[in-house]
Structure formats: C-alpha cells, structure tokens
>>> print(open('protein01.cif').read())   # mmCIF, C-alpha atoms
data_model
#
loop_
_atom_site.group_PDB
_atom_site.id
_atom_site.type_symbol
_atom_site.label_atom_id
_atom_site.label_comp_id
_atom_site.auth_asym_id
_atom_site.auth_seq_id
_atom_site.Cartn_x
_atom_site.Cartn_y
_atom_site.Cartn_z
ATOM 1 C CA THR A 1 152.982 128.789 129.924
ATOM 2 C CA ALA A 2 152.792 125.423 131.680
ATOM 3 C CA THR A 3 154.774 123.692 128.971
ATOM 4 C CA ALA A 4 157.343 126.494 128.993
ATOM 5 C CA LEU A 5 157.887 125.792 132.704
ATOM 6 C CA LEU A 6 158.452 122.078 132.106
ATOM 7 C CA PRO A 7 162.259 122.417 131.949
ATOM 8 C CA LEU A 8 162.241 123.812 135.489
ATOM 9 C CA THR A 9 159.900 121.160 136.812
ATOM 10 C CA VAL A 10 161.921 118.212 135.477
ATOM 11 C CA ILE A 11 164.884 119.073 137.667
ATOM 12 C CA LEU A 12 163.330 117.501 140.799
ATOM 13 C CA PRO A 13 162.358 114.140 139.253
ATOM 14 C CA PHE A 14 165.687 113.897 137.414
ATOM 15 C CA THR A 15 167.474 114.559 140.703
ATOM 16 C CA ILE A 16 165.408 111.938 142.567
ATOM 17 C CA LEU A 17 165.991 109.348 139.851
ATOM 18 C CA PRO A 18 169.779 109.048 139.711
ATOM 19 C CA VAL A 19 169.869 108.203 136.026
ATOM 20 C CA ILE A 20 171.217 111.364 134.449
ATOM 21 C CA GLY A 21 174.046 112.501 136.657
ATOM 22 C CA ASP A 22 174.941 115.627 138.527
ATOM 23 C CA ILE A 23 173.018 118.915 138.660
ATOM 24 C CA GLN A 24 175.069 120.444 135.821
ATOM 25 C CA GLU A 25 174.128 117.605 133.494
ATOM 26 C CA ILE A 26 170.491 117.809 134.601
ATOM 27 C CA SER A 27 170.543 121.579 133.992
ATOM 28 C CA TRP A 28 171.965 121.049 130.493
ATOM 29 C CA PHE A 29 169.151 118.634 129.598
ATOM 30 C CA ALA A 30 166.578 121.027 131.070
ATOM 31 C CA PHE A 31 168.018 123.808 128.891
ATOM 32 C CA LYS A 32 167.904 121.579 125.796
ATOM 33 C CA LEU A 33 164.300 120.770 126.642
ATOM 34 C CA PHE A 34 163.533 124.495 126.873
ATOM 35 C CA LEU A 35 165.108 125.060 123.441
ATOM 36 C CA ILE A 36 163.019 122.266 121.936
ATOM 37 C CA ILE A 37 159.800 123.646 123.457
ATOM 38 C CA PHE A 38 160.678 127.189 122.381
ATOM 39 C CA THR A 39 161.462 126.119 118.800
ATOM 40 C CA VAL A 40 158.333 124.013 118.440
ATOM 41 C CA SER A 41 156.237 126.843 119.899
ATOM 42 C CA LEU A 42 157.655 129.268 117.342
ATOM 43 C CA LEU A 43 156.906 126.815 114.546
ATOM 44 C CA ALA A 44 153.345 126.363 115.828
ATOM 45 C CA LEU A 45 152.818 130.132 115.975
ATOM 46 C CA ALA A 46 154.173 130.519 112.446
ATOM 47 C CA LEU A 47 151.929 127.711 111.220
ATOM 48 C CA ARG A 48 148.940 129.351 112.843
ATOM 49 C CA ARG A 49 149.777 132.781 111.494
ATOM 50 C CA TYR A 50 150.657 131.872 107.912
ATOM 51 C CA LEU A 51 148.818 128.632 107.101
ATOM 52 C CA ILE A 52 145.832 128.290 109.403
ATOM 53 C CA ARG A 53 144.769 131.863 110.144
ATOM 54 C CA GLU A 54 141.109 131.296 110.973
ATOM 55 C CA PRO A 55 140.446 127.580 111.312
ATOM 56 C CA SER A 56 136.881 126.398 110.978
ATOM 57 C CA PRO A 57 135.329 124.337 113.762
ATOM 58 C CA ASP A 58 135.748 121.246 111.560
ATOM 59 C CA THR A 59 139.464 121.995 111.114
ATOM 60 C CA ILE A 60 139.890 122.394 114.865
ATOM 61 C CA LYS A 61 138.064 119.098 115.473
ATOM 62 C CA SER A 62 140.276 117.384 112.900
ATOM 63 C CA ILE A 63 143.445 118.716 114.523
ATOM 64 C CA GLU A 64 142.216 117.676 117.977
ATOM 65 C CA GLY A 65 141.368 114.196 116.657
ATOM 66 C CA LEU A 66 144.804 113.851 115.087
ATOM 67 C CA MET A 67 146.458 114.930 118.354
ATOM 68 C CA THR A 68 144.356 112.440 120.323
ATOM 69 C CA ILE A 69 145.481 109.620 118.051
ATOM 70 C CA ALA A 70 149.111 110.760 118.277
ATOM 71 C CA MET A 71 149.002 110.981 122.089
ATOM 72 C CA ALA A 72 147.348 107.553 122.315
ATOM 73 C CA GLY A 73 150.226 106.170 120.263
ATOM 74 C CA VAL A 74 152.775 107.815 122.550
ATOM 75 C CA VAL A 75 151.103 106.517 125.713
ATOM 76 C CA ILE A 76 150.782 102.987 124.307
ATOM 77 C CA GLY A 77 154.433 103.114 123.235
ATOM 78 C CA LEU A 78 155.484 104.219 126.713
ATOM 79 C CA MET A 79 153.585 101.408 128.354
ATOM 80 C CA THR A 80 155.787 98.782 126.683
ATOM 81 C CA GLY A 81 158.509 99.604 129.223
ATOM 82 C CA PHE A 82 155.949 99.210 131.993
ATOM 83 C CA HIS A 83 154.824 95.821 130.705
ATOM 84 C CA GLN A 84 158.364 94.470 130.294
ATOM 85 C CA THR A 85 159.367 95.521 133.813
ATOM 86 C CA ALA A 86 156.155 94.107 135.300
ATOM 87 C CA LEU A 87 157.162 90.731 133.942
ATOM 88 C CA THR A 88 160.805 90.845 135.026
ATOM 89 C CA ASN A 89 160.934 92.994 138.182
ATOM 90 C CA PRO A 90 157.589 94.086 139.657
ATOM 91 C CA TYR A 91 159.342 95.691 142.656
ATOM 92 C CA ASP A 92 160.775 98.344 140.298
ATOM 93 C CA ILE A 93 157.227 99.138 139.166
ATOM 94 C CA ILE A 94 156.028 99.672 142.738
ATOM 95 C CA THR A 95 158.981 101.907 143.627
ATOM 96 C CA THR A 96 158.810 103.928 140.419
ATOM 97 C CA LEU A 97 155.033 104.259 140.633
ATOM 98 C CA LEU A 98 155.352 105.570 144.188
ATOM 99 C CA ILE A 99 157.879 108.188 143.048
ATOM 100 C CA ALA A 100 155.639 109.149 140.102
ATOM 101 C CA PHE A 101 152.626 109.596 142.392
ATOM 102 C CA CYS A 102 154.663 111.673 144.844
ATOM 103 C CA VAL A 103 155.977 113.948 142.100
ATOM 104 C CA CYS A 104 152.687 114.299 140.190
ATOM 105 C CA ILE A 105 150.139 114.500 142.997
ATOM 106 C CA GLY A 106 152.581 116.050 145.477
ATOM 107 C CA THR A 107 153.420 118.877 143.090
ATOM 108 C CA GLN A 108 149.742 119.557 142.524
ATOM 109 C CA ILE A 109 149.006 119.707 146.241
ATOM 110 C CA ILE A 110 151.995 121.986 146.872
ATOM 111 C CA VAL A 111 151.030 124.399 144.080
ATOM 112 C CA TRP A 112 147.371 124.273 145.167
ATOM 113 C CA SER A 113 148.419 125.245 148.694
ATOM 114 C CA LEU A 114 150.928 127.906 147.649
ATOM 115 C CA ALA A 115 148.487 129.491 145.191
ATOM 116 C CA LYS A 116 145.828 130.222 147.819
ATOM 117 C CA PRO A 117 147.208 133.632 148.900
ATOM 118 C CA PHE A 118 147.226 134.799 145.266
ATOM 119 C CA ARG A 119 143.421 134.597 145.071
ATOM 120 C CA LEU A 120 143.378 132.956 141.666
ATOM 121 C CA GLY A 121 139.778 131.843 141.979
ATOM 122 C CA ASP A 122 138.769 129.505 139.166
ATOM 123 C CA TYR A 123 142.329 129.422 137.812
ATOM 124 C CA ARG A 124 143.849 127.867 140.938
ATOM 125 C CA PRO A 125 143.027 124.261 139.932
ATOM 126 C CA ALA A 126 144.468 124.882 136.462
ATOM 127 C CA TYR A 127 147.796 126.048 137.900
ATOM 128 C CA ALA A 128 147.970 123.067 140.231
ATOM 129 C CA ILE A 129 147.086 120.565 137.512
ATOM 130 C CA CYS A 130 149.563 122.091 135.053
ATOM 131 C CA ALA A 131 152.311 121.954 137.669
ATOM 132 C CA GLY A 132 151.802 118.273 138.417
ATOM 133 C CA ASN A 133 150.559 116.790 135.171
ATOM 134 C CA ARG A 134 153.668 117.183 133.093
ATOM 135 C CA ASN A 135 154.071 115.599 129.715
ATOM 136 C CA MET A 136 157.246 113.831 130.742
ATOM 137 C CA ALA A 137 157.416 112.031 127.406
ATOM 138 C CA ILE A 138 158.618 115.262 125.781
ATOM 139 C CA CYS A 139 161.756 114.917 127.911
ATOM 140 C CA LEU A 140 162.807 112.010 125.728
ATOM 141 C CA ALA A 141 163.626 114.479 122.953
ATOM 142 C CA SER A 142 166.330 116.193 125.022
ATOM 143 C CA LEU A 143 167.981 113.151 126.569
ATOM 144 C CA PRO A 144 170.583 110.811 125.095
ATOM 145 C CA ALA A 145 169.555 107.212 124.397
ATOM 146 C CA THR A 146 171.717 105.941 127.273
ATOM 147 C CA VAL A 147 169.493 107.848 129.685
ATOM 148 C CA THR A 148 166.093 107.335 128.088
ATOM 149 C CA ASP A 149 165.897 103.567 128.583
ATOM 150 C CA PRO A 150 165.988 103.767 132.407
ATOM 151 C CA LEU A 151 163.548 106.716 132.326
ATOM 152 C CA LEU A 152 160.958 104.933 130.206
ATOM 153 C CA LEU A 153 159.598 103.155 133.250
ATOM 154 C CA PHE A 154 159.250 106.426 135.181
ATOM 155 C CA ILE A 155 157.562 108.150 132.249
ATOM 156 C CA ALA A 156 155.206 105.188 131.791
ATOM 157 C CA CYS A 157 154.382 105.169 135.513
ATOM 158 C CA TYR A 158 153.836 108.941 135.426
ATOM 159 C CA GLN A 159 150.910 108.449 133.049
ATOM 160 C CA ILE A 160 148.947 106.678 135.800
ATOM 161 C CA PRO A 161 148.696 109.535 138.348
ATOM 162 C CA MET A 162 148.126 111.978 135.473
ATOM 163 C CA TYR A 163 145.040 110.105 134.326
ATOM 164 C CA LEU A 164 143.874 109.529 137.908
ATOM 165 C CA THR A 165 144.091 113.218 138.858
ATOM 166 C CA PRO A 166 140.336 113.859 138.379
ATOM 167 C CA SER A 167 139.495 110.892 140.626
ATOM 168 C CA LEU A 168 142.116 111.633 143.266
ATOM 169 C CA LEU A 169 141.941 115.422 143.448
ATOM 170 C CA GLY A 170 138.602 116.242 141.831
ATOM 171 C CA ARG A 171 136.876 116.967 145.122
ATOM 172 C CA VAL A 172 139.738 119.234 146.232
ATOM 173 C CA TYR A 173 139.676 121.185 142.980
ATOM 174 C CA ARG A 174 135.875 121.547 143.022
ATOM 175 C CA GLN A 175 136.087 123.191 146.466
ATOM 176 C CA ASN A 176 138.271 125.930 145.007
ATOM 177 C CA PRO A 177 138.174 128.353 147.930
ATOM 178 C CA VAL A 178 139.618 131.692 146.899
#
>>> encode(input="protein01.cif", output="structure tokens")
Amino acid sequence: TATALLPLTVILPFTILPVIGDIQEISWFAFKLFLIIFTVSLLALALRRYLIREPSPDTIKSIEGLMTIAMAGVVIGLMTGFHQTALTNPYDIITTLLIAFCVCIGTQIIVWSLAKPFRLGDYRPAYAICAGNRNMAICLASLPATVTDPLLLFIACYQIPMYLTPSLLGRVYRQNPV
C-alpha cells in the first residue's frame, strides 16, 4: 500500500522543487506514476500466480539477492548526479539535501505524530517509515527527460536521509507508545 500512495506523496516535493510546473502538470505526472505502479503490480501478481506459485526459500533468497543488486545499481547510478554537482556547485547540494531531509524525515515525524490516536501499536513505525522513505527513483519513469535531469540531484540527495532513518529516528520508533 505504501508504494500505491507514492503518487500522492510526490506532489509536495514536486511543488517545492519548481522543476515540473504548475499543479495540473504535477497531478498529471502523479497520475502517470500511479498507472505505472498499478501496471507493474498487476504484472507482479500475475507472475506470482502463474509462474512462481510456491517459491522455495532458495528461490526467495535468489530474488531478494537479484533485487539487492538491482537497487545497488540504481543508487550508484543516481549518485553520479550528486558527484557532478558536488564538483561544480556544492551550494546546490546543501540546499537540495536540506529539502530532502525535511521531506523524508519531516514526513515520517508528521505521520508518526498523526498516527498516535489510531493506536496502531507495532505498525505505527512502519506507517511513518513508509510515508517518508519513498523510492523517488521510480518517479523517473513518469517524467519527461527535460524534467528528470534537474530532479536527479534531489533523488540522489533523498537516498541519504532514507539510509540514515534508523540512526536518526531509531530511538523514536523503538519507543512506540500506543
């Protein structure tokens, strides 16, 4: 469900970063992103139902290993934009990193706070983490090339607070008061 909500959660960062345009254009890209996620989800369900009905533990480990390698490739690829900007304009890195931290960590804190009255117990940290730790790289699939180049820095910077979440918010999430 967290990935299905991604199109809604990209609206704020796309509005803050004036790269895409007006709210109608942002909404169109969010809708395209939803269609991509929906289609891929259907394909994954069909694959699971018709080709991999009852995967063995070894099959699951192999799939997880393949996904880890693929995600490492994506993250390394995203960091090239970070490296290039660090060499040419480090101020852009600081500004973009600040925005990425605010969106990622800020969203988690907001959802953590808003979820308290719902008495989610052990699930409360999961909702907060899913809300803030978005796989922004998937947004590249729904955006035109003219928009993706300026966003590469933001998406690269977004990886940093995502991977630092356990260090930054681990104590908060371990408290987990109902």
>>> resolve_selection(input="protein01.cif", expression="the PyMOL selection byres ((chain A and resi 134) around 12)", output="ChimeraX atom specification")
/A:2-10,13,100,103-105,107-108,127-133,135-139,155,158-163,165
>>> resolve_selection(input="protein01.cif", expression="the PyMOL selection byres ((chain A and resi 154) around 9)", output="MDAnalysis selection string")
chainID A and resid 17 82 93 96:97 99:100 136 150:153 155:159
>>> resolve_selection(input="protein01.cif", expression="the PyMOL selection byres ((chain A and resi 170) around 12)", output="ChimeraX atom specification")
/A:105,108-109,125-126,128-129,163-169,171-176
>>> build_atoms(input="protein01.cif", residues="region 7-33 of chain A", atoms="N, CA, C and O atoms", output="PDB file, in the coordinates of the input")
ATOM      1  N   PRO A   7     160.832 122.615 131.663  1.00  0.00           N
ATOM      2  CA  PRO A   7     162.259 122.417 131.949  1.00  0.00           C
ATOM      3  C   PRO A   7     162.635 122.659 133.413  1.00  0.00           C
ATOM      4  O   PRO A   7     163.506 121.991 133.944  1.00  0.00           O
ATOM      5  N   LEU A   8     161.954 123.581 134.069  1.00  0.00           N
ATOM      6  CA  LEU A   8     162.241 123.812 135.489  1.00  0.00           C
ATOM      7  C   LEU A   8     161.697 122.694 136.361  1.00  0.00           C
ATOM      8  O   LEU A   8     162.313 122.311 137.355  1.00  0.00           O
ATOM      9  N   THR A   9     160.546 122.162 135.968  1.00  0.00           N
ATOM     10  CA  THR A   9     159.900 121.160 136.812  1.00  0.00           C
ATOM     11  C   THR A   9     160.484 119.765 136.644  1.00  0.00           C
ATOM     12  O   THR A   9     160.172 118.883 137.435  1.00  0.00           O
ATOM     13  N   VAL A  10     161.312 119.539 135.631  1.00  0.00           N
ATOM     14  CA  VAL A  10     161.921 118.212 135.477  1.00  0.00           C
ATOM     15  C   VAL A  10     163.157 118.055 136.353  1.00  0.00           C
ATOM     16  O   VAL A  10     163.635 116.945 136.546  1.00  0.00           O
ATOM     17  N   ILE A  11     163.658 119.135 136.878  1.00  0.00           N
ATOM     18  CA  ILE A  11     164.884 119.073 137.667  1.00  0.00           C
ATOM     19  C   ILE A  11     164.692 118.176 138.895  1.00  0.00           C
ATOM     20  O   ILE A  11     165.535 117.325 139.185  1.00  0.00           O
ATOM     21  N   LEU A  12     163.580 118.320 139.603  1.00  0.00           N
ATOM     22  CA  LEU A  12     163.330 117.501 140.799  1.00  0.00           C
ATOM     23  C   LEU A  12     163.248 116.012 140.471  1.00  0.00           C
ATOM     24  O   LEU A  12     163.976 115.210 141.073  1.00  0.00           O
ATOM     25  N   PRO A  13     162.392 115.585 139.522  1.00  0.00           N
ATOM     26  CA  PRO A  13     162.358 114.140 139.253  1.00  0.00           C
ATOM     27  C   PRO A  13     163.687 113.596 138.733  1.00  0.00           C
ATOM     28  O   PRO A  13     164.075 112.482 139.077  1.00  0.00           O
ATOM     29  N   PHE A  14     164.397 114.371 137.915  1.00  0.00           N
ATOM     30  CA  PHE A  14     165.687 113.897 137.414  1.00  0.00           C
ATOM     31  C   PHE A  14     166.714 113.805 138.536  1.00  0.00           C
ATOM     32  O   PHE A  14     167.620 112.995 138.486  1.00  0.00           O
ATOM     33  N   THR A  15     166.565 114.628 139.557  1.00  0.00           N
ATOM     34  CA  THR A  15     167.474 114.559 140.703  1.00  0.00           C
ATOM     35  C   THR A  15     167.136 113.349 141.569  1.00  0.00           C
ATOM     36  O   THR A  15     168.029 112.668 142.059  1.00  0.00           O
ATOM     37  N   ILE A  16     165.846 113.074 141.754  1.00  0.00           N
ATOM     38  CA  ILE A  16     165.408 111.938 142.567  1.00  0.00           C
ATOM     39  C   ILE A  16     165.804 110.625 141.901  1.00  0.00           C
ATOM     40  O   ILE A  16     166.242 109.693 142.568  1.00  0.00           O
ATOM     41  N   LEU A  17     165.632 110.565 140.583  1.00  0.00           N
ATOM     42  CA  LEU A  17     165.991 109.348 139.851  1.00  0.00           C
ATOM     43  C   LEU A  17     167.431 109.498 139.373  1.00  0.00           C
ATOM     44  O   LEU A  17     167.696 110.213 138.420  1.00  0.00           O
ATOM     45  N   PRO A  18     168.362 108.836 140.023  1.00  0.00           N
ATOM     46  CA  PRO A  18     169.779 109.048 139.711  1.00  0.00           C
ATOM     47  C   PRO A  18     170.210 108.373 138.406  1.00  0.00           C
ATOM     48  O   PRO A  18     171.072 107.528 138.375  1.00  0.00           O
ATOM     49  N   VAL A  19     169.585 108.788 137.322  1.00  0.00           N
ATOM     50  CA  VAL A  19     169.869 108.203 136.026  1.00  0.00           C
ATOM     51  C   VAL A  19     170.745 109.124 135.188  1.00  0.00           C
ATOM     52  O   VAL A  19     171.598 108.672 134.444  1.00  0.00           O
ATOM     53  N   ILE A  20     170.552 110.413 135.341  1.00  0.00           N
ATOM     54  CA  ILE A  20     171.217 111.364 134.449  1.00  0.00           C
ATOM     55  C   ILE A  20     172.603 111.753 134.927  1.00  0.00           C
ATOM     56  O   ILE A  20     173.544 111.766 134.157  1.00  0.00           O
ATOM     57  N   GLY A  21     172.744 112.078 136.171  1.00  0.00           N
ATOM     58  CA  GLY A  21     174.046 112.501 136.657  1.00  0.00           C
ATOM     59  C   GLY A  21     173.923 113.652 137.627  1.00  0.00           C
ATOM     60  O   GLY A  21     172.942 113.764 138.353  1.00  0.00           O
ATOM     61  N   ASP A  22     174.906 114.520 137.581  1.00  0.00           N
ATOM     62  CA  ASP A  22     174.941 115.627 138.527  1.00  0.00           C
ATOM     63  C   ASP A  22     174.021 116.769 138.075  1.00  0.00           C
ATOM     64  O   ASP A  22     173.418 116.736 137.003  1.00  0.00           O
ATOM     65  N   ILE A  23     173.938 117.800 138.907  1.00  0.00           N
ATOM     66  CA  ILE A  23     173.018 118.915 138.660  1.00  0.00           C
ATOM     67  C   ILE A  23     173.388 119.694 137.395  1.00  0.00           C
ATOM     68  O   ILE A  23     172.513 120.208 136.705  1.00  0.00           O
ATOM     69  N   GLN A  24     174.672 119.754 137.050  1.00  0.00           N
ATOM     70  CA  GLN A  24     175.069 120.444 135.821  1.00  0.00           C
ATOM     71  C   GLN A  24     174.531 119.707 134.594  1.00  0.00           C
ATOM     72  O   GLN A  24     174.035 120.328 133.651  1.00  0.00           O
ATOM     73  N   GLU A  25     174.637 118.391 134.622  1.00  0.00           N
ATOM     74  CA  GLU A  25     174.128 117.605 133.494  1.00  0.00           C
ATOM     75  C   GLU A  25     172.603 117.704 133.414  1.00  0.00           C
ATOM     76  O   GLU A  25     172.033 117.848 132.329  1.00  0.00           O
ATOM     77  N   ILE A  26     171.947 117.665 134.559  1.00  0.00           N
ATOM     78  CA  ILE A  26     170.491 117.809 134.601  1.00  0.00           C
ATOM     79  C   ILE A  26     170.099 119.187 134.076  1.00  0.00           C
ATOM     80  O   ILE A  26     169.148 119.322 133.293  1.00  0.00           O
ATOM     81  N   SER A  27     170.827 120.221 134.469  1.00  0.00           N
ATOM     82  CA  SER A  27     170.543 121.579 133.992  1.00  0.00           C
ATOM     83  C   SER A  27     170.717 121.686 132.485  1.00  0.00           C
ATOM     84  O   SER A  27     169.941 122.366 131.808  1.00  0.00           O
ATOM     85  N   TRP A  28     171.741 121.023 131.941  1.00  0.00           N
ATOM     86  CA  TRP A  28     171.965 121.049 130.493  1.00  0.00           C
ATOM     87  C   TRP A  28     170.779 120.418 129.754  1.00  0.00           C
ATOM     88  O   TRP A  28     170.289 120.954 128.771  1.00  0.00           O
ATOM     89  N   PHE A  29     170.289 119.272 130.249  1.00  0.00           N
ATOM     90  CA  PHE A  29     169.151 118.634 129.598  1.00  0.00           C
ATOM     91  C   PHE A  29     167.887 119.481 129.748  1.00  0.00           C
ATOM     92  O   PHE A  29     167.076 119.540 128.825  1.00  0.00           O
ATOM     93  N   ALA A  30     167.723 120.137 130.887  1.00  0.00           N
ATOM     94  CA  ALA A  30     166.578 121.027 131.070  1.00  0.00           C
ATOM     95  C   ALA A  30     166.652 122.193 130.081  1.00  0.00           C
ATOM     96  O   ALA A  30     165.636 122.596 129.503  1.00  0.00           O
ATOM     97  N   PHE A  31     167.838 122.714 129.855  1.00  0.00           N
ATOM     98  CA  PHE A  31     168.018 123.808 128.891  1.00  0.00           C
ATOM     99  C   PHE A  31     167.718 123.322 127.469  1.00  0.00           C
ATOM    100  O   PHE A  31     167.046 124.014 126.696  1.00  0.00           O
ATOM    101  N   LYS A  32     168.202 122.139 127.117  1.00  0.00           N
ATOM    102  CA  LYS A  32     167.904 121.579 125.796  1.00  0.00           C
ATOM    103  C   LYS A  32     166.398 121.392 125.625  1.00  0.00           C
ATOM    104  O   LYS A  32     165.845 121.663 124.554  1.00  0.00           O
ATOM    105  N   LEU A  33     165.750 120.944 126.681  1.00  0.00           N
ATOM    106  CA  LEU A  33     164.300 120.770 126.642  1.00  0.00           C
ATOM    107  C   LEU A  33     163.611 122.111 126.409  1.00  0.00           C
ATOM    108  O   LEU A  33     162.678 122.214 125.604  1.00  0.00           O
TER     109      LEU A  33
END
